[in-house]
$ cat work-v5.cif   # mmCIF, C-alpha atoms and all ligand atoms
data_work
#
loop_
_atom_site.group_PDB
_atom_site.id
_atom_site.type_symbol
_atom_site.label_atom_id
_atom_site.label_comp_id
_atom_site.auth_asym_id
_atom_site.auth_seq_id
_atom_site.Cartn_x
_atom_site.Cartn_y
_atom_site.Cartn_z
ATOM 1 C CA MET A 86 3.953 -19.375 -10.665
ATOM 2 C CA THR A 87 6.198 -16.700 -9.185
ATOM 3 C CA THR A 88 7.303 -17.145 -5.581
ATOM 4 C CA LEU A 89 8.378 -14.149 -3.506
ATOM 5 C CA THR A 90 10.369 -14.677 -0.334
ATOM 6 C CA ALA A 91 12.078 -12.442 2.235
ATOM 7 C CA GLU A 92 15.426 -13.671 3.526
ATOM 8 C CA GLN A 93 17.813 -12.525 6.194
ATOM 9 C CA ILE A 94 21.117 -11.161 4.936
ATOM 10 C CA THR A 95 23.738 -13.913 5.025
ATOM 11 C CA ARG A 96 27.339 -14.392 3.952
ATOM 12 C CA GLU A 97 25.954 -16.110 0.840
ATOM 13 C CA ASN A 98 23.606 -13.332 -0.324
ATOM 14 C CA VAL A 99 25.217 -10.129 1.008
ATOM 15 C CA ALA A 100 27.171 -9.389 -2.174
ATOM 16 C CA ALA A 101 24.082 -9.860 -4.345
ATOM 17 C CA ALA A 102 22.119 -7.608 -1.982
ATOM 18 C CA CYS A 103 24.739 -4.863 -2.365
ATOM 19 C CA GLN A 104 24.464 -5.057 -6.138
ATOM 20 C CA LEU A 105 20.780 -4.163 -6.099
ATOM 21 C CA ALA A 106 20.458 -0.591 -7.350
ATOM 22 C CA VAL A 107 17.477 1.628 -8.050
ATOM 23 C CA GLU A 108 17.098 3.585 -11.305
ATOM 24 C CA PRO A 109 19.777 6.328 -11.629
ATOM 25 C CA HIS A 110 17.190 9.137 -11.374
ATOM 26 C CA GLN A 111 15.922 7.665 -8.057
ATOM 27 C CA LYS A 112 19.249 7.733 -6.218
ATOM 28 C CA ASP A 113 18.306 10.795 -4.117
ATOM 29 C CA PHE A 114 15.363 8.919 -2.599
ATOM 30 C CA VAL A 115 17.157 6.064 -0.832
ATOM 31 C CA ALA A 116 20.623 5.136 0.392
ATOM 32 C CA PRO A 117 22.556 2.390 -1.424
ATOM 33 C CA VAL A 118 21.993 -1.078 0.054
ATOM 34 C CA ALA A 119 25.619 -1.283 1.242
ATOM 35 C CA VAL A 120 25.177 1.897 3.272
ATOM 36 C CA SER A 121 21.999 0.552 4.846
ATOM 37 C CA LEU A 122 23.753 -2.689 5.757
ATOM 38 C CA ALA A 123 26.643 -0.745 7.293
ATOM 39 C CA GLU A 124 24.115 1.161 9.408
ATOM 40 C CA ALA A 125 22.435 -2.131 10.318
ATOM 41 C CA TYR A 126 25.825 -3.420 11.476
ATOM 42 C CA THR A 127 26.084 -0.526 13.934
ATOM 43 C CA GLN A 128 22.488 -0.889 15.188
ATOM 44 C CA PRO A 129 21.768 -4.618 15.083
ATOM 45 C CA GLU A 130 19.091 -4.369 17.762
ATOM 46 C CA VAL A 131 17.132 -1.803 15.702
ATOM 47 C CA ALA A 132 17.676 -2.696 12.041
ATOM 48 C CA TRP A 133 15.678 -5.480 10.397
ATOM 49 C CA PRO A 134 17.117 -5.900 6.866
ATOM 50 C CA ARG A 135 15.661 -8.398 4.397
ATOM 51 C CA LEU A 136 16.427 -9.357 0.804
ATOM 52 C CA ILE A 137 13.376 -9.980 -1.376
ATOM 53 C CA LEU A 138 13.794 -12.814 -3.864
ATOM 54 C CA ARG A 139 11.675 -13.714 -6.858
ATOM 55 C CA ASP A 140 12.157 -17.415 -7.549
ATOM 56 C CA GLY A 141 15.512 -17.164 -5.777
ATOM 57 C CA GLU A 142 16.697 -14.027 -7.618
ATOM 58 C CA PRO A 143 17.212 -10.786 -5.633
ATOM 59 C CA VAL A 144 14.736 -8.104 -6.718
ATOM 60 C CA ALA A 145 14.473 -5.769 -3.723
ATOM 61 C CA PHE A 146 15.923 -4.831 -0.362
ATOM 62 C CA VAL A 147 13.941 -3.572 2.598
ATOM 63 C CA MET A 148 15.020 -2.584 6.085
ATOM 64 C CA GLY A 149 12.591 -2.202 8.944
ATOM 65 C CA ALA A 150 13.427 -0.277 12.104
ATOM 66 C CA PHE A 151 12.183 -1.370 15.520
ATOM 67 C CA ASP A 152 13.311 0.948 18.295
ATOM 68 C CA PRO A 153 10.642 1.319 21.001
ATOM 69 C CA ASP A 154 12.821 3.784 22.921
ATOM 70 C CA ALA A 155 13.494 6.156 20.002
ATOM 71 C CA GLU A 156 13.132 9.833 20.854
ATOM 72 C CA PHE A 157 10.889 10.516 17.853
ATOM 73 C CA ASP A 158 7.703 8.428 17.674
ATOM 74 C CA PHE A 159 8.139 7.981 13.916
ATOM 75 C CA PHE A 160 11.422 6.090 14.428
ATOM 76 C CA ARG A 161 9.969 3.474 16.762
ATOM 77 C CA CYS A 162 8.468 1.072 14.220
ATOM 78 C CA GLY A 163 8.508 1.267 10.458
ATOM 79 C CA ILE A 164 10.141 1.098 7.068
ATOM 80 C CA TRP A 165 13.679 2.493 7.169
ATOM 81 C CA ARG A 166 14.876 1.703 3.638
ATOM 82 C CA LEU A 167 13.328 0.262 0.483
ATOM 83 C CA ASN A 168 15.153 -0.338 -2.800
ATOM 84 C CA VAL A 169 13.462 -2.147 -5.678
ATOM 85 C CA GLY A 170 15.911 -3.052 -8.422
ATOM 86 C CA ALA A 171 16.143 -1.011 -11.612
ATOM 87 C CA GLY A 172 14.264 -2.809 -14.363
ATOM 88 C CA VAL A 173 12.016 -4.825 -12.050
ATOM 89 C CA GLN A 174 9.868 -2.060 -10.554
ATOM 90 C CA GLY A 175 6.095 -1.956 -10.966
ATOM 91 C CA ARG A 176 5.658 -5.699 -10.436
ATOM 92 C CA GLY A 177 4.502 -5.739 -6.830
ATOM 93 C CA TYR A 178 7.897 -6.315 -5.193
ATOM 94 C CA GLY A 179 7.809 -2.988 -3.335
ATOM 95 C CA ARG A 180 4.367 -3.791 -1.950
ATOM 96 C CA PHE A 181 5.549 -7.269 -0.890
ATOM 97 C CA ALA A 182 8.602 -5.757 0.827
ATOM 98 C CA VAL A 183 6.482 -3.260 2.760
ATOM 99 C CA GLU A 184 4.002 -6.001 3.764
ATOM 100 C CA THR A 185 6.922 -8.085 5.040
ATOM 101 C CA VAL A 186 7.945 -5.333 7.460
ATOM 102 C CA LEU A 187 4.335 -4.630 8.464
ATOM 103 C CA ALA A 188 3.831 -8.337 9.235
ATOM 104 C CA GLU A 189 6.923 -8.271 11.452
ATOM 105 C CA ALA A 190 5.578 -5.144 13.178
ATOM 106 C CA ARG A 191 2.278 -6.917 13.899
ATOM 107 C CA ARG A 192 4.188 -9.940 15.175
ATOM 108 C CA ARG A 193 5.910 -7.599 17.635
ATOM 109 C CA GLY A 194 2.538 -6.325 18.816
ATOM 110 C CA GLN A 195 2.779 -2.891 17.176
ATOM 111 C CA ARG A 196 -0.419 -1.035 16.258
ATOM 112 C CA THR A 197 0.999 1.458 13.729
ATOM 113 C CA ALA A 198 4.028 1.762 11.454
ATOM 114 C CA THR A 199 5.684 4.727 9.806
ATOM 115 C CA VAL A 200 7.802 5.656 6.823
ATOM 116 C CA LEU A 201 9.538 8.885 5.797
ATOM 117 C CA TRP A 202 9.731 10.015 2.192
ATOM 118 C CA LEU A 203 11.127 12.927 0.254
ATOM 119 C CA PRO A 204 8.172 14.785 -1.315
ATOM 120 C CA ALA A 205 9.616 15.247 -4.797
ATOM 121 C CA GLU A 206 8.810 14.544 -8.427
ATOM 122 C CA GLY A 207 9.541 10.906 -9.248
ATOM 123 C CA GLY A 208 9.672 9.952 -5.562
ATOM 124 C CA PRO A 209 7.810 7.221 -3.687
ATOM 125 C CA GLU A 210 5.017 9.390 -2.223
ATOM 126 C CA ASP A 211 2.185 8.028 -4.384
ATOM 127 C CA PHE A 212 3.403 4.475 -3.809
ATOM 128 C CA TYR A 213 3.124 4.850 -0.028
ATOM 129 C CA LEU A 214 -0.232 6.636 -0.303
ATOM 130 C CA LYS A 215 -1.516 3.784 -2.454
ATOM 131 C CA LEU A 216 -0.425 1.282 0.198
ATOM 132 C CA GLY A 217 -2.417 3.174 2.829
ATOM 133 C CA PHE A 218 0.155 5.367 4.569
ATOM 134 C CA ARG A 219 -1.155 8.835 5.448
ATOM 135 C CA PRO A 220 0.894 11.964 6.260
ATOM 136 C CA THR A 221 0.892 12.677 10.005
ATOM 137 C CA GLY A 222 1.621 16.360 9.496
ATOM 138 C CA GLN A 223 5.161 15.876 10.835
ATOM 139 C CA THR A 224 8.314 16.394 8.795
ATOM 140 C CA HIS A 225 11.912 15.510 9.553
ATOM 141 C CA HIS A 226 14.824 17.055 7.627
ATOM 142 C CA GLY A 227 12.464 17.846 4.754
ATOM 143 C CA GLU A 228 10.935 14.374 4.648
ATOM 144 C CA VAL A 229 7.227 13.706 5.124
ATOM 145 C CA VAL A 230 6.238 11.305 7.904
ATOM 146 C CA GLY A 231 3.569 8.784 6.869
ATOM 147 C CA ARG A 232 1.770 6.366 9.155
ATOM 148 C CA ILE A 233 -0.405 3.302 8.651
ATOM 149 C CA ASP A 234 -2.621 1.448 11.138
ATOM 150 C CA LEU A 235 -1.811 -2.241 11.377
HETATM 151 C C1 LIG B 301 8.922 3.345 -4.779
HETATM 152 C C2 LIG B 301 9.273 1.875 -5.032
HETATM 153 C C3 LIG B 301 9.726 1.241 -3.748
HETATM 154 C C4 LIG B 301 7.997 1.181 -5.546
HETATM 155 O O1 LIG B 301 8.275 -0.206 -5.714
HETATM 156 P P1 LIG B 301 7.574 -1.051 -6.892
HETATM 157 O O2 LIG B 301 8.007 -2.458 -6.757
HETATM 158 O O3 LIG B 301 7.833 -0.378 -8.183
HETATM 159 O O4 LIG B 301 6.031 -0.865 -6.531
HETATM 160 P P2 LIG B 301 4.868 -1.979 -6.665
HETATM 161 O O5 LIG B 301 4.957 -2.618 -8.009
HETATM 162 O O6 LIG B 301 4.884 -2.878 -5.473
HETATM 163 O O7 LIG B 301 3.591 -1.022 -6.625
HETATM 164 C C5 LIG B 301 2.509 -1.170 -5.710
HETATM 165 C C6 LIG B 301 1.410 -0.231 -6.149
HETATM 166 O O8 LIG B 301 1.902 1.109 -6.082
HETATM 167 C C7 LIG B 301 1.822 1.730 -7.378
HETATM 168 N N1 LIG B 301 3.018 2.549 -7.557
HETATM 169 C C8 LIG B 301 4.307 2.156 -7.476
HETATM 170 N N2 LIG B 301 5.127 3.213 -7.658
HETATM 171 C C9 LIG B 301 4.332 4.273 -7.867
HETATM 172 C C10 LIG B 301 4.561 5.644 -8.121
HETATM 173 N N3 LIG B 301 5.808 6.141 -8.184
HETATM 174 N N4 LIG B 301 3.500 6.453 -8.296
HETATM 175 C C11 LIG B 301 2.231 5.975 -8.222
HETATM 176 N N5 LIG B 301 1.941 4.670 -7.976
HETATM 177 C C12 LIG B 301 2.980 3.851 -7.800
HETATM 178 C C13 LIG B 301 1.786 0.587 -8.363
HETATM 179 O O9 LIG B 301 1.154 0.969 -9.553
HETATM 180 C C14 LIG B 301 0.999 -0.450 -7.600
HETATM 181 O O10 LIG B 301 -0.378 -0.186 -7.703
HETATM 182 P P3 LIG B 301 -1.437 -1.378 -8.002
HETATM 183 O O11 LIG B 301 -1.374 -2.287 -6.819
HETATM 184 O O12 LIG B 301 -2.728 -0.660 -8.148
HETATM 185 O O13 LIG B 301 -0.967 -2.040 -9.247
HETATM 186 C C15 LIG B 301 10.359 1.743 -6.138
HETATM 187 O O14 LIG B 301 9.969 2.484 -7.258
HETATM 188 C C16 LIG B 301 11.742 2.197 -5.702
HETATM 189 O O15 LIG B 301 12.557 1.403 -5.232
HETATM 190 N N6 LIG B 301 12.016 3.518 -5.875
HETATM 191 C C17 LIG B 301 13.335 4.082 -5.611
HETATM 192 C C18 LIG B 301 13.720 4.093 -4.153
HETATM 193 C C19 LIG B 301 12.683 4.719 -3.256
HETATM 194 O O16 LIG B 301 12.071 5.746 -3.519
HETATM 195 N N7 LIG B 301 12.494 4.061 -2.095
HETATM 196 C C20 LIG B 301 11.612 4.515 -1.053
HETATM 197 C C21 LIG B 301 12.420 5.304 -0.053
HETATM 198 S S1 LIG B 301 11.382 5.936 1.246
#

$ encode --input "work-v5.cif" --output "structure tokens"
Amino acid sequence: MTTLTAEQITRENVAAACQLAVEPHQKDFVAPVAVSLAEAYTQPEVAWPRLILRDGEPVAFVMGAFDPDAEFDFFRCGIWRLNVGAGVQGRGYGRFAVETVLAEARRRGQRTATVLWLPAEGGPEDFYLKLGFRPTGQTHHGEVVGRIDL
């Protein structure tokens, strides 16, 4: 049986996390993991990065954002980054990663969570719609804002 876990980034797994890369044609849709971790370093009180492991092997990276004081409502609680490794997509790891952040949001007493996506061919829009996110009607730098009730 396959076991999926979500781990904090540590000195032991940070290099493996940085090696996770999406498919080449998906690179416009998400920042590289190393960039996300650099941003997390500068905003440790906001960023909530986790490495998703399948039986101990890294398969995905997700970073939540929890910033109750953010100017824009869609930056207060949600998915900031999500990278499922090339070659291991379509196996439920993305869904597990999103659920991990949503569980943390519920634990913090949040009632809704958001995500922003680029509305383009080959992008993650249908994935987020399938998981229950719905466009709010807002956009930010060309990205669609989606929200889900928790
Ligand atoms: C989008 C992404 C996160 C999806 O992760 P994944 O592990 O392949 O998705 P899952 O296997 O968990 O899929 C969950 C469900 O969504 C569906 N799904 C996944 N990607 C989809 C897509 N592009 N279009 C339509 N449905 C999709 C799956 O079929 C599955 O449905 P099911 O439960 O009925 O079987 C992954 O493709 C990825 O990392 N893309 C590149 C980076 C990116 O776009 N990140 C998001 C930035 S906002």

$ closest_residue --input "work-v5.cif" --among "A:Asp113, A:Asp158, A:Asp211, A:Glu142" --to "ligand LIG 301 (chain B)" --atoms "all atoms listed in the file"
A:Asp211

$ residues_near_ligand --input "work-v5.cif" --ligand "ligand LIG 301 (chain B)" --cutoff "8 Å" --atoms "only C-alpha atoms and all ligand atoms" --output "NGL selection string"
:A and (107-108 or 111-112 or 114-115 or 145 or 164-171 or 173-182 or 200-203 or 207-213 or 215-216)

$ resolve_selection --input "work-v5.cif" --expression "the PyMOL selection byres (((chain A and resi 148) around 10) and not hetatm)" --output "mmCIF file with C-alpha atoms, keeping the file's coordinate frame"
data_model
loop_
_atom_site.group_PDB
_atom_site.id
_atom_site.type_symbol
_atom_site.label_atom_id
_atom_site.label_comp_id
_atom_site.auth_asym_id
_atom_site.auth_seq_id
_atom_site.Cartn_x
_atom_site.Cartn_y
_atom_site.Cartn_z
ATOM 1 C CA VAL A 118 21.993 -1.078 0.054
ATOM 2 C CA SER A 121 21.999 0.552 4.846
ATOM 3 C CA LEU A 122 23.753 -2.689 5.757
ATOM 4 C CA ALA A 125 22.435 -2.131 10.318
ATOM 5 C CA VAL A 131 17.132 -1.803 15.702
ATOM 6 C CA ALA A 132 17.676 -2.696 12.041
ATOM 7 C CA TRP A 133 15.678 -5.480 10.397
ATOM 8 C CA PRO A 134 17.117 -5.900 6.866
ATOM 9 C CA ARG A 135 15.661 -8.398 4.397
ATOM 10 C CA LEU A 136 16.427 -9.357 0.804
ATOM 11 C CA PHE A 146 15.923 -4.831 -0.362
ATOM 12 C CA VAL A 147 13.941 -3.572 2.598
ATOM 13 C CA GLY A 149 12.591 -2.202 8.944
ATOM 14 C CA ALA A 150 13.427 -0.277 12.104
ATOM 15 C CA PHE A 151 12.183 -1.370 15.520
ATOM 16 C CA GLY A 163 8.508 1.267 10.458
ATOM 17 C CA ILE A 164 10.141 1.098 7.068
ATOM 18 C CA TRP A 165 13.679 2.493 7.169
ATOM 19 C CA ARG A 166 14.876 1.703 3.638
ATOM 20 C CA LEU A 167 13.328 0.262 0.483
ATOM 21 C CA ASN A 168 15.153 -0.338 -2.800
ATOM 22 C CA ALA A 182 8.602 -5.757 0.827
ATOM 23 C CA VAL A 183 6.482 -3.260 2.760
ATOM 24 C CA THR A 185 6.922 -8.085 5.040
ATOM 25 C CA VAL A 186 7.945 -5.333 7.460
#

$ atom_distance --input "work-v5.cif" --atom1 "CA of Thr197 (chain A)" --atom2 "CA of Asp152 (chain A)"
13.1 Å

$ resolve_selection --input "work-v5.cif" --expression "the PyMOL selection byres (((chain A and resi 104) around 10) and not hetatm)" --output "list in words"
Val99, Ala100, Ala101, Ala102, Cys103, Leu105, Ala106, Val107, Pro117, Val118, Ala119, Pro143 and Gly170 of chain A

$ atom_distance --input "work-v5.cif" --atom1 "CA of Gly141 (chain A)" --atom2 "CA of Glu189 (chain A)"
21.2 Å

$ resolve_selection --input "work-v5.cif" --expression "the PyMOL selection byres (((chain A and resi 224-234) around 7) and not hetatm)" --output "PyMOL selection string"
chain A and resi 196-204+217-223+235

$ atom_distance --input "work-v5.cif" --atom1 "CA of Ala190 (chain A)" --atom2 "CA of Arg161 (chain A)"
10.3 Å

$ closest_residue --input "work-v5.cif" --among "A:Leu187, A:Val120, A:Ala91, A:Met86" --to "Cys162 (chain A)" --atoms "only C-alpha atoms"
A:Leu187

$ axis_aligned_box --input "work-v5.cif" --around "region 135-142 of chain A" --padding-each-side "4 Å" --output "lines of an AutoDock Vina configuration file"
center_x = 14.2
center_y = -12.9
center_z = -1.6
size_x = 13.0
size_y = 17.0
size_z = 20.0

$ residues_near_point --input "work-v5.cif" --point "(7.3, -15.7, -7.3)" --cutoff "8 Å" --atoms "only C-alpha atoms" --output "list in words"
Met86, Thr87, Thr88, Leu89, Thr90, Leu138, Arg139 and Asp140 of chain A

$ closest_residue --input "work-v5.cif" --among "A:Pro153, A:Gln93, A:Leu214, A:Gly194" --to "Glu130 (chain A)" --atoms "all atoms listed in the file"
A:Pro153

$ decode --input "work-v5.cif" --residues "region 151-163 of chain A" --atoms "all heavy atoms" --output "CSV table (one decimal), in the first residue's frame"
chain,number,residue,atom,x,y,z
A,151,PHE,N,-0.3,31.9,4.8
A,151,PHE,CA,-1.3,32.3,5.9
A,151,PHE,C,-0.9,33.6,6.4
A,151,PHE,O,0.2,33.8,7.1
A,151,PHE,CB,-1.3,31.2,7.0
A,151,PHE,CG,-1.7,29.9,6.6
A,151,PHE,CD1,-0.8,28.9,6.4
A,151,PHE,CD2,-3.0,29.6,6.3
A,151,PHE,CE1,-1.2,27.6,6.0
A,151,PHE,CE2,-3.4,28.4,5.9
A,151,PHE,CZ,-2.5,27.4,5.7
A,152,ASP,N,-1.6,34.6,6.0
A,152,ASP,CA,-1.3,36.0,6.2
A,152,ASP,C,-2.5,36.8,6.5
A,152,ASP,O,-3.1,37.5,5.6
A,152,ASP,CB,-0.5,36.6,5.0
A,152,ASP,CG,0.0,38.0,5.3
A,152,ASP,OD1,-0.1,38.5,6.4
A,152,ASP,OD2,0.6,38.6,4.3
A,153,PRO,N,-3.1,36.7,7.7
A,153,PRO,CA,-4.4,37.3,8.0
A,153,PRO,C,-4.4,38.8,7.7
A,153,PRO,O,-5.5,39.4,7.5
A,153,PRO,CB,-4.6,37.0,9.5
A,153,PRO,CG,-3.6,36.0,9.8
A,153,PRO,CD,-2.5,36.0,8.9
A,154,ASP,N,-3.3,39.5,7.8
A,154,ASP,CA,-3.3,40.9,7.6
A,154,ASP,C,-3.0,41.4,6.1
A,154,ASP,O,-2.8,42.5,5.9
A,154,ASP,CB,-2.2,41.5,8.5
A,154,ASP,CG,-2.4,41.2,9.9
A,154,ASP,OD1,-3.6,41.2,10.3
A,154,ASP,OD2,-1.4,41.0,10.7
A,155,ALA,N,-3.0,40.4,5.2
A,155,ALA,CA,-2.7,40.8,3.8
A,155,ALA,C,-3.7,41.8,3.3
A,155,ALA,O,-4.9,41.7,3.6
A,155,ALA,CB,-2.6,39.5,2.9
A,156,GLU,N,-3.2,42.7,2.4
A,156,GLU,CA,-4.0,43.7,1.9
A,156,GLU,C,-5.2,43.1,1.0
A,156,GLU,O,-6.3,43.5,1.1
A,156,GLU,CB,-3.2,44.6,1.0
A,156,GLU,CG,-4.0,45.7,0.3
A,156,GLU,CD,-3.1,46.5,-0.7
A,156,GLU,OE1,-1.9,46.3,-0.7
A,156,GLU,OE2,-3.7,47.4,-1.4
A,157,PHE,N,-4.8,42.1,0.2
A,157,PHE,CA,-5.8,41.5,-0.7
A,157,PHE,C,-6.4,40.3,0.1
A,157,PHE,O,-5.6,39.4,0.6
A,157,PHE,CB,-5.2,41.0,-2.0
A,157,PHE,CG,-4.7,42.2,-2.8
A,157,PHE,CD1,-3.3,42.4,-3.0
A,157,PHE,CD2,-5.6,43.0,-3.5
A,157,PHE,CE1,-2.9,43.5,-3.8
A,157,PHE,CE2,-5.2,44.1,-4.2
A,157,PHE,CZ,-3.8,44.3,-4.4
A,158,ASP,N,-7.7,40.1,0.0
A,158,ASP,CA,-8.3,39.0,0.8
A,158,ASP,C,-7.8,37.7,0.2
A,158,ASP,O,-7.6,36.7,1.0
A,158,ASP,CB,-9.8,39.1,0.7
A,158,ASP,CG,-10.4,39.1,-0.7
A,158,ASP,OD1,-9.6,39.2,-1.7
A,158,ASP,OD2,-11.6,38.9,-0.9
A,159,PHE,N,-7.5,37.6,-1.0
A,159,PHE,CA,-7.1,36.3,-1.6
A,159,PHE,C,-5.6,35.9,-1.3
A,159,PHE,O,-5.2,34.9,-1.8
A,159,PHE,CB,-7.3,36.3,-3.1
A,159,PHE,CG,-6.9,37.5,-3.9
A,159,PHE,CD1,-5.5,37.6,-4.2
A,159,PHE,CD2,-7.8,38.4,-4.3
A,159,PHE,CE1,-5.1,38.7,-4.9
A,159,PHE,CE2,-7.4,39.6,-5.0
A,159,PHE,CZ,-6.0,39.7,-5.3
A,160,PHE,N,-4.9,36.7,-0.5
A,160,PHE,CA,-3.6,36.3,-0.1
A,160,PHE,C,-3.6,36.0,1.4
A,160,PHE,O,-2.5,35.8,2.0
A,160,PHE,CB,-2.6,37.5,-0.3
A,160,PHE,CG,-2.2,37.6,-1.8
A,160,PHE,CD1,-1.9,38.8,-2.3
A,160,PHE,CD2,-2.1,36.5,-2.6
A,160,PHE,CE1,-1.5,39.0,-3.6
A,160,PHE,CE2,-1.7,36.6,-3.9
A,160,PHE,CZ,-1.4,37.8,-4.5
A,161,ARG,N,-4.8,35.9,2.0
A,161,ARG,CA,-4.8,35.7,3.5
A,161,ARG,C,-4.7,34.3,3.9
A,161,ARG,O,-4.2,33.9,5.0
A,161,ARG,CB,-6.0,36.3,4.1
A,161,ARG,CG,-6.0,37.9,4.0
A,161,ARG,CD,-7.2,38.6,4.5
A,161,ARG,NE,-7.2,40.0,4.1
A,161,ARG,CZ,-8.2,40.7,3.9
A,161,ARG,NH1,-9.4,40.3,4.1
A,161,ARG,NH2,-8.0,42.0,3.5
A,162,CYS,N,-5.2,33.4,3.1
A,162,CYS,CA,-5.2,31.9,3.4
A,162,CYS,C,-5.3,31.1,2.1
A,162,CYS,O,-6.3,31.2,1.5
A,162,CYS,CB,-6.3,31.6,4.4
A,162,CYS,SG,-6.6,29.9,4.6
A,163,GLY,N,-4.3,30.4,1.8
A,163,GLY,CA,-4.5,29.5,0.6
A,163,GLY,C,-3.2,28.8,0.1
A,163,GLY,O,-2.2,28.7,0.8
